[in-house]
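File shown: protein-v9.cif. Contents: mmCIF, C-alpha atoms.
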```
data_protein
#
loop_
_atom_site.label_atom_id
_atom_site.label_comp_id
_atom_site.auth_asym_id
_atom_site.auth_seq_id
_atom_site.Cartn_x
_atom_site.Cartn_y
_atom_site.Cartn_z
CA MET A 87 -76.89 33.88 78.22
CA LYS A 88 -74.54 33.60 81.15
CA LEU A 89 -70.82 33.30 80.69
CA SER A 90 -68.52 32.16 83.47
CA ASP A 91 -66.43 34.57 85.53
CA GLY A 92 -63.47 33.01 83.74
CA VAL A 93 -64.40 34.79 80.52
CA GLU A 94 -64.24 38.20 82.17
CA GLN A 95 -60.98 37.31 83.88
CA ALA A 96 -59.45 36.01 80.66
CA ILE A 97 -60.41 39.11 78.66
CA HIS A 98 -59.01 41.42 81.32
CA CYS A 99 -55.79 39.39 81.55
CA VAL A 100 -55.31 39.47 77.78
CA THR A 101 -55.84 43.25 77.72
CA LEU A 102 -53.31 43.71 80.53
CA LEU A 103 -50.79 41.46 78.78
CA ALA A 104 -51.21 43.67 75.70
CA GLY A 105 -49.37 46.40 77.61
CA LEU A 106 -46.19 44.38 78.11
CA SER A 107 -42.93 45.34 76.48
CA ASP A 108 -41.58 43.09 73.71
CA ASP A 109 -39.57 40.94 76.12
CA GLY A 110 -41.92 41.22 79.10
CA VAL A 111 -43.96 38.59 80.89
CA LEU A 112 -46.29 38.61 83.88
CA PRO A 113 -46.58 35.74 86.33
CA ALA A 114 -50.05 34.33 86.99
CA ALA A 115 -49.88 35.51 90.60
CA ALA A 116 -49.41 39.11 89.45
CA LEU A 117 -52.33 38.84 86.99
CA ALA A 118 -54.51 37.43 89.78
CA GLU A 119 -53.41 40.15 92.20
CA PHE A 120 -54.17 42.93 89.72
CA HIS A 121 -57.69 41.65 89.17
CA GLY A 122 -58.33 40.54 92.75
CA VAL A 123 -59.06 36.93 91.80
CA SER A 124 -57.87 33.50 92.86
CA THR A 125 -54.56 32.49 91.28
CA SER A 126 -55.54 28.82 91.13
CA TYR A 127 -58.83 29.62 89.35
CA LEU A 128 -57.10 32.03 86.98
CA LEU A 129 -54.42 29.46 86.12
CA LYS A 130 -57.12 27.20 84.68
CA HIS A 131 -58.15 29.96 82.29
CA LEU A 132 -54.59 30.92 81.43
CA GLN A 133 -53.98 27.29 80.48
CA ALA A 134 -57.03 27.38 78.22
CA LEU A 135 -55.78 30.61 76.62
CA SER A 136 -52.39 29.00 76.11
CA ALA A 137 -53.91 25.87 74.54
CA ALA A 138 -55.85 28.15 72.16
CA GLY A 139 -52.68 29.99 71.11
CA ILE A 140 -53.76 33.31 72.62
CA VAL A 141 -51.08 33.49 75.30
CA ARG A 142 -47.86 31.65 75.68
CA THR A 143 -46.02 30.54 78.75
CA VAL A 144 -42.41 31.44 79.31
CA PRO A 145 -41.03 28.91 81.82
CA GLY A 146 -38.49 29.51 84.54
CA PRO A 147 -37.96 31.80 87.49
CA ARG A 148 -38.19 34.88 85.25
CA GLY A 149 -41.10 33.40 83.33
CA GLY A 150 -44.76 34.14 83.12
CA TYR A 151 -47.35 34.84 80.46
CA ARG A 152 -47.35 36.98 77.35
CA LEU A 153 -49.50 37.25 74.26
CA ALA A 154 -48.82 34.68 71.56
CA ARG A 155 -50.05 36.86 68.71
CA PRO A 156 -50.74 40.53 67.93
CA VAL A 157 -53.67 42.23 69.66
CA SER A 158 -55.25 42.89 66.28
CA ASP A 159 -55.42 39.10 65.75
CA ILE A 160 -57.14 38.25 69.06
CA THR A 161 -60.92 38.58 69.14
CA LEU A 162 -63.36 38.36 72.00
CA LEU A 163 -64.73 35.23 70.33
CA ASP A 164 -61.28 33.63 70.46
CA ILE A 165 -61.17 34.21 74.22
CA VAL A 166 -64.76 33.10 74.88
CA LEU A 167 -64.24 29.88 72.90
CA ALA A 168 -60.95 29.20 74.68
CA VAL A 169 -62.57 29.50 78.12
CA GLU A 170 -66.10 28.22 77.49
CA GLY A 171 -65.44 25.76 74.66
CA PRO A 172 -66.91 25.64 71.17
CA GLU A 173 -70.36 24.29 72.02
CA PRO A 174 -73.26 26.65 71.32
CA ALA A 175 -74.97 28.23 74.31
CA PHE A 176 -78.31 26.65 73.35
CA ARG A 177 -78.41 22.91 72.89
CA CYS A 178 -81.63 21.48 71.53
CA ASN A 179 -82.52 18.27 73.33
CA GLU A 180 -85.48 17.61 71.04
CA ILE A 181 -88.07 17.61 73.81
CA ARG A 182 -90.76 17.38 71.13
CA GLN A 183 -89.97 13.66 71.19
CA ARG A 184 -90.67 13.31 74.94
CA GLY A 185 -93.69 13.32 77.19
CA PRO A 186 -96.97 11.46 76.85
CA ASN A 187 -97.64 12.62 73.28
CA PRO A 188 -94.34 12.81 71.34
CA LEU A 189 -94.26 13.83 67.73
CA PRO A 190 -94.52 10.81 65.45
CA GLY A 191 -91.36 9.85 63.61
CA LYS A 192 -87.97 11.47 63.80
CA PRO A 193 -87.98 15.22 63.02
CA THR A 194 -86.21 16.00 59.75
CA ARG A 195 -85.34 19.59 60.63
CA PRO A 196 -84.92 21.74 63.74
CA CYS A 197 -87.99 23.29 65.30
CA GLY A 198 -88.57 27.04 65.13
CA ILE A 199 -87.23 27.47 68.65
CA ALA A 200 -83.91 25.78 67.86
CA SER A 201 -83.64 27.72 64.60
CA ALA A 202 -84.23 31.06 66.34
CA MET A 203 -81.72 30.25 69.07
CA LEU A 204 -79.06 29.17 66.57
CA LYS A 205 -79.64 32.35 64.56
CA ALA A 206 -79.09 34.39 67.75
CA GLU A 207 -75.94 32.35 68.49
CA ARG A 208 -74.53 33.15 65.04
CA ALA A 209 -75.21 36.89 65.56
CA TYR A 210 -73.64 36.79 69.03
CA ARG A 211 -70.54 35.01 67.75
CA ALA A 212 -70.24 37.33 64.76
CA GLU A 213 -70.30 40.35 67.07
CA LEU A 214 -67.66 38.86 69.38
CA LYS A 215 -65.54 38.00 66.34
CA SER A 216 -65.72 41.61 65.15
CA VAL A 217 -64.11 43.01 68.33
CA THR A 218 -60.36 42.66 68.81
CA ILE A 219 -58.20 43.36 71.83
CA ALA A 220 -56.76 46.25 69.80
CA ASP A 221 -60.30 47.66 69.47
CA LEU A 222 -60.83 47.41 73.23
CA ALA A 223 -57.54 49.17 73.93
CA ARG A 224 -58.46 51.95 71.52
CA GLU A 225 -61.94 52.36 73.03
CA THR A 226 -60.49 52.45 76.55
CA SER A 227 -57.98 55.14 75.64
CA GLU A 228 -60.77 57.24 74.10
CA SER A 229 -63.09 56.88 77.12
CA ASP A 230 -63.53 59.43 79.89
CA ARG A 231 -61.61 57.21 82.31
CA GLY A 232 -59.03 56.06 79.76
CA ASP A 233 -56.12 57.98 81.30
CA ALA A 234 -56.85 56.62 84.79
CA ILE A 235 -57.21 53.07 83.48
CA ALA A 236 -53.97 53.32 81.51
CA ALA A 237 -52.10 54.84 84.46
CA ARG A 238 -53.29 52.05 86.77
CA GLY A 239 -52.15 49.37 84.31
CA CYS A 240 -48.81 51.07 83.58
CA ALA A 241 -48.02 51.48 87.28
CA PHE A 242 -48.77 47.81 87.89
CA LEU A 243 -46.67 46.68 84.93
CA ASP A 244 -43.78 48.84 86.12
CA LEU A 245 -43.82 46.91 89.41
CA HIS A 246 -44.51 43.37 88.18
CA GLU A 247 -43.35 42.95 84.59
CA ARG A 248 -40.44 40.57 84.23
CA LYS A 249 -37.98 40.77 81.40
CA SER A 250 -37.53 37.39 79.87
CA PRO A 251 -34.51 36.38 77.78
CA SER A 252 -36.70 33.97 75.77
CA THR A 253 -39.59 35.66 73.94
#
```
Entire entry expressed as structure tokens:
Amino acid sequence: MKLSDGVEQAIHCVTLLAGLSDDGVLPAAALAEFHGVSTSYLLKHLQALSAAGIVRTVPGPRGGYRLARPVSDITLLDIVLAVEGPEPAFRCNEIRQRGPNPLPGKPTRPCGIASAMLKAERAYRAELKSVTIADLARETSESDRGDAIAARGCAFLDLHERKSPST
């Protein structure tokens, strides 16, 4: 399974936004700069996150992005679905019905291949649903590089976080 670069960018942006103060926001340009990605490409994913209720936009010259709900209520599945859409990774096109010798009649149930792939999709989604942004933050802080990662994020937020009067 291959997910777009947008999924990685969105997850990293959400984890960085988790470090904001209660009235803080980050502009898209700052998020793009921190991750070394294109602002225009990132904006597409931030819009998807906003439409999904994961982040919210604070308009105006002191505006930017912030989380729309607590980190314990945002799962990796929420982010993946926001960026990639709800369609399963595997889509059965019923090729048994094609070619020079198609199966007679319309199949009444999925083939074993489709069933196995859908079972894997359910397991994949269940795993993503079990991991929250709070879990990722906790795991990062407990890792060998946790202090360096936190210091990098804090230093960046100190420079780029905007205080917004409307939260």
Write out as a VMD selection string each polymer residue whose atoms come within 8 Å of segment 99-102 of chain A, counting all atoms listed in the file; drop sequence neighbours fewer than 6 positions from it.
chain A and resid 117 141 153 219 222 to 223 239
On this file, the PyMOL selection byres ((chain A and resi 143) around 12) gives some set of residues; write that set as a ChimeraX atom specification.
/A:103,110-114,129,132-137,139-142,144-154,250,252-253
9 Å contact set for Arg182 of chain A, all atoms listed in the file, chain neighbours under 6 positions out, as a list in words:
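Near neighbours after the sequence-gap exclusion: Pro188, Leu189, Pro193 and Cys197 of chain A.
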Considering only C-alpha atoms, state which residue in the set A:Glu94, A:Lys249, A:Asp159, A:Ala175 is at the smallest distance from Val217 of chain A.
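For Val217 of chain A, the nearest of the given residues is A:Asp159.
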What's around Asp91 of chain A at 12 Å? Count only C-alpha atoms, leave out sequence neighbours fewer than 5 positions away in its own chain, and write the answer as an NGL selection string.
:A and (96-98 or 121 or 123-124 or 127-128 or 130-131 or 166 or 169-170)
Give me the residues near segment 204-214 of chain A as a ChimeraX atom specification, where near means some atom within 12 Å (using all atoms listed in the file) and where sequence neighbours in that chain fewer than 6 positions away do not count.
/A:87,97,160-167,172-178,196-198,221-222
Point-to-point distance in Å for atom CA of Gly105 of chain A and atom CA of Ala220 of chain A:
10.8 Å
Determine the nearest neighbour of Arg155 of chain A from the options A:Thr218, A:Thr226, A:Ala202, A:Arg248, counting only C-alpha atoms.
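Residue with the minimum atom-to-atom distance to Arg155 of chain A: A:Thr218.
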Please give the centre and size of the box around segment 125-138 of chain A (axis-aligned, containing every atom listed in the file, 6 Å added per side), with values in Å to one decimal and written as JSON.
```
{"center_x": -55.6, "center_y": 29.2, "center_z": 81.7, "size_x": 18.4, "size_y": 18.6, "size_z": 31.1}
```
Selected residue of minimal separation from Ala200 of chain A among A:Glu180, A:Glu225, A:Asp109, A:Glu119, counting only C-alpha atoms
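Answer, going by the shortest atom-to-atom distance: A:Glu180.
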Compare A:Lys215, A:Leu89, A:Gly191, A:Ala104 by their minimum atom-to-atom distance to Val157 of chain A, counting all atoms listed in the file, and give me the closest one.
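Going through A:Lys215, A:Leu89, A:Gly191, A:Ala104 one by one, the smallest distance to Val157 of chain A is for A:Ala104.
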